[in-house]
Amino acid sequence: MPVIKVSVIVPVYNTGKYVDECAPSLLGQSLPADEYEVIYVDDGSTDDTLGRLEKIAAAHPNVQVHTMPNSGWPGAPRNLGMRHARGEYIQFVDHDDTLGPEALERLYEHAKRNDADVVIGKMSSTMVRPRRLFRHTVDACTIENDELMQSMSPHKMFRRGFVEEHGLQFPEGPWILEDLLFVSAAYLKAERISILADYPCYYWMKRDDGGNNTQHRFNPRHGFWPNARTIVRQVKDGTTPSDDIDALQNRLLHRLYHVEILSRTREPEILREDPAEQRQRFEAARELALEEFPAAVRDGLPAVSRLRAQLLENGDFDGAVALAERVREVKARSRVSGLRWQDGRLVADVTLDLLRGDGEPLTLTERDGKWWLDPELLRDVPGTEDGWQVPDPFRRAYAELVVKDRDREDWWYPEGDLKVELRPLGDGRSALVASGRLNLDPERLVGGLPLQRGVHDVWAYVQLLGVDRMLRVSGDGEPGAPAVAGPALTGGRLAIPYWTVKGQLALDIDQRLRKIGPDTDGLVAANPARARRSLGLPYLAASPDSAPLPLQVTVATLTVEAKLAPGPDGTARLRLPARLKKLPDGRHPVSLPKAETPLAYAVVRDGDLLRLEGPAYEAGRGRQFLDSVGDNRQVRRMRGQLGH
């Protein structure tokens, strides 16, 4: 009997149709069906969910269904699922999410290869920004890698023996933040944690009925604040206290302070919620901050976040609102230059910075050998009349480029890093700027594999001075126009960069929305080249190792099969069949389907393709003479010997 490698545990409650939407991704895994099991635990559903589950189980021997009285939260169903699990590893899945087709097989193999207690698979989501945790696959790390705190959901693979050895359980009943309690405990206990970043394992998506939200998190019945306190104490109990802002305990607590505490003092929440309710949250957050978080955690925050923390701990709600209103106006700006194809990669120089609400750069001012936060950002913020000092402008500052697959919600990281530096603006002012190179390889971006057919948007994430923004990378190209780099032949497919209607950089793979031809008319018309039967297209770059791309073209009224193939000069070459016997003698336009401007002109004699000419090619008098006597057999023979 095959060994059960993975037990997939799915808590459900009044799930309805989402059971049927999730199930195919669980049942269609590449891991053989007799090597994994799916355990549904119904938490007392009152709709038709149980009937749907029983129907699935009847058709699939590796599915089991368990029921329990309603507990009101996923913790108890997950615990029940773990008690029934037989797999070597446990994978938690929520009923309205999906797995990638090879997720279980890849996660299990990664776990076994590295003897991991916990494996974190790459997540794709419509609800959270991409996490740099998934930039690279990691064979083994520990909690010392504090980037693990970016991923605190339970949608991971855990070794069952490890879970049982340490008695890891979810809190039961209505217990908000139950994920954080379980996952942080696992991180603290694990000897080896692996990260699988080269394959989208888990799709965590926003539901069309408004599910997967946390609007109810501050319901007193759910105990948000005491639960947060419990998690903080668990982290403190598992680590060593220190006054060093970069000590492990303070780095781990930073995530909890920044996300669970400071969110109560910042936009959009503090500006969006009812002021009376938000004041209550503010005071509860202040109490927890003062009682549980060491001063080193606040001291280790970047400038704006540290000011928020100061206002919070001083109990200055109005000051926090004023700062939130100012910071809300801050926008990120991107600048792109030198966009080009280089060795099959889309390359550009990218610069990112932050602008105040008035459009001017967010600056730092140097005074008495110290840096001070932009006074315009502090305007109307009580207690900052003398300024706000910035001991370390580079504290937690970073920026990165990411590429989003628009059809699949997958995020990928191009090679290379962006560097953050202070750039002088004059008069003692400087701005933090992130700059570097976009280096997008369409054939290797997806975990070493090619991008799939579709549109891929180029984004950037920037975090400077404690202000973070996610933005589309934009340039100075005309909205809706092809990018200056032009199309390229990569891996036997067309890759077409262009500016969207909002001037944002996108890359169309395999002509999903953009077509070569109509969008490149200006470039086509400028081609002055000529060749015998293979014409170089200077506006179409080609990777040297790219496979030829078959395509249909129209020569006059005749549709023929042609090819685009890489040439020796880094451009693509258009190859037509040697025989075009259905065409009369003469010079005929060669066009792509639905394109008005020809790619080239084909010169035909006696059904033979003599040569190809670019639209802008102009023959000299010698060529015109040869054409005029082109029906002479001896002249044709001589022309062939001369390579014409």
# chains A, B, ... in the order shown; residues from 1 in each chain; ligands from 1
>>> select_by_dssp(residues="stretch 146-184 of chain A", states="alpha helix (DSSP H)", output="PyMOL selection string")
chain A and resi 160-165+178-184
>>> residues_around(residues="A:Arg335", least_positions_apart="3", cutoff="6 Å", atoms="only C-alpha atoms", output="ChimeraX atom specification")
/A:350-351,475
>>> write_last_selection(atoms="all heavy atoms", output="compact mmCIF listing (two decimals), in the first residue's frame")
# COMPACT_ATOMS: atom_id res chain seq x y z
N VAL A 350 16.11 52.13 -14.31
CA VAL A 350 14.91 52.53 -13.58
C VAL A 350 15.31 53.33 -12.34
O VAL A 350 16.25 52.96 -11.63
CB VAL A 350 14.09 51.30 -13.16
CG1 VAL A 350 12.86 51.72 -12.37
CG2 VAL A 350 13.67 50.49 -14.39
N THR A 351 14.58 54.41 -12.10
CA THR A 351 14.79 55.23 -10.90
C THR A 351 13.45 55.41 -10.21
O THR A 351 12.43 55.68 -10.86
CB THR A 351 15.37 56.61 -11.26
OG1 THR A 351 16.61 56.42 -11.96
CG2 THR A 351 15.63 57.43 -10.01
N GLY A 475 6.87 55.26 -17.99
CA GLY A 475 7.92 55.94 -18.72
C GLY A 475 7.38 57.16 -19.43
O GLY A 475 6.26 57.60 -19.19
>>> closest_residue(among="A:Pro294, A:Gly383, A:Gly447, A:Gly44", to="A:Lys122", atoms="only C-alpha atoms")
A:Gly447
>>> residues_around(residues="A:Ala116", least_positions_apart="2", cutoff="7 Å", atoms="only C-alpha atoms", output="number ranges by chain")
A: 111-112, 114, 118-119, 192-194
>>> residues_around(residues="A:Trp204", least_positions_apart="4", cutoff="10 Å", atoms="only C-alpha atoms", output="number ranges by chain")
A: 93-94, 96-99, 123-128, 155, 212, 409
>>> write_last_selection(atoms="C-alpha atoms", output="mmCIF file, in the first residue's frame")
data_model
loop_
_atom_site.group_PDB
_atom_site.id
_atom_site.type_symbol
_atom_site.label_atom_id
_atom_site.label_comp_id
_atom_site.auth_asym_id
_atom_site.auth_seq_id
_atom_site.Cartn_x
_atom_site.Cartn_y
_atom_site.Cartn_z
ATOM 1 C CA VAL A 93 -5.837 24.944 2.414
ATOM 2 C CA ASP A 94 -8.816 27.260 2.858
ATOM 3 C CA ASP A 96 -12.069 29.242 -1.248
ATOM 4 C CA ASP A 97 -8.441 29.061 -2.384
ATOM 5 C CA THR A 98 -6.681 26.829 -4.899
ATOM 6 C CA LEU A 99 -3.380 25.016 -5.361
ATOM 7 C CA MET A 123 1.790 32.385 -2.894
ATOM 8 C CA SER A 124 -0.123 34.321 -5.517
ATOM 9 C CA SER A 125 -2.777 36.648 -4.201
ATOM 10 C CA THR A 126 -5.160 39.436 -5.121
ATOM 11 C CA MET A 127 -5.251 40.642 -1.528
ATOM 12 C CA VAL A 128 -1.640 41.341 -0.540
ATOM 13 C CA HIS A 155 -1.172 27.847 4.020
ATOM 14 C CA ASN A 212 -11.668 36.422 2.917
ATOM 15 C CA GLU A 409 -2.055 36.772 -10.742
#
>>> closest_residue(among="A:Glu376, A:Val390, A:His222, A:Trp341", to="A:Ser305", atoms="only C-alpha atoms")
A:Val390
>>> select_by_dssp(residues="stretch 408-488 of chain A", states="strand (DSSP E or B)", output="VMD selection string")
chain A and resid 410 to 412 419 to 426 429 to 440 446 449 454 to 464 467 to 472 474 482 488
>>> residues_around(residues="stretch 81-91 of chain A", least_positions_apart="2", cutoff="6 Å", atoms="only C-alpha atoms", output="list in words")
Ile4, Lys5, Val6, Ser7, Val8, Ile9, Arg78, Asn79, Lys156, Met157, Phe158, Arg159 and Arg160 of chain A
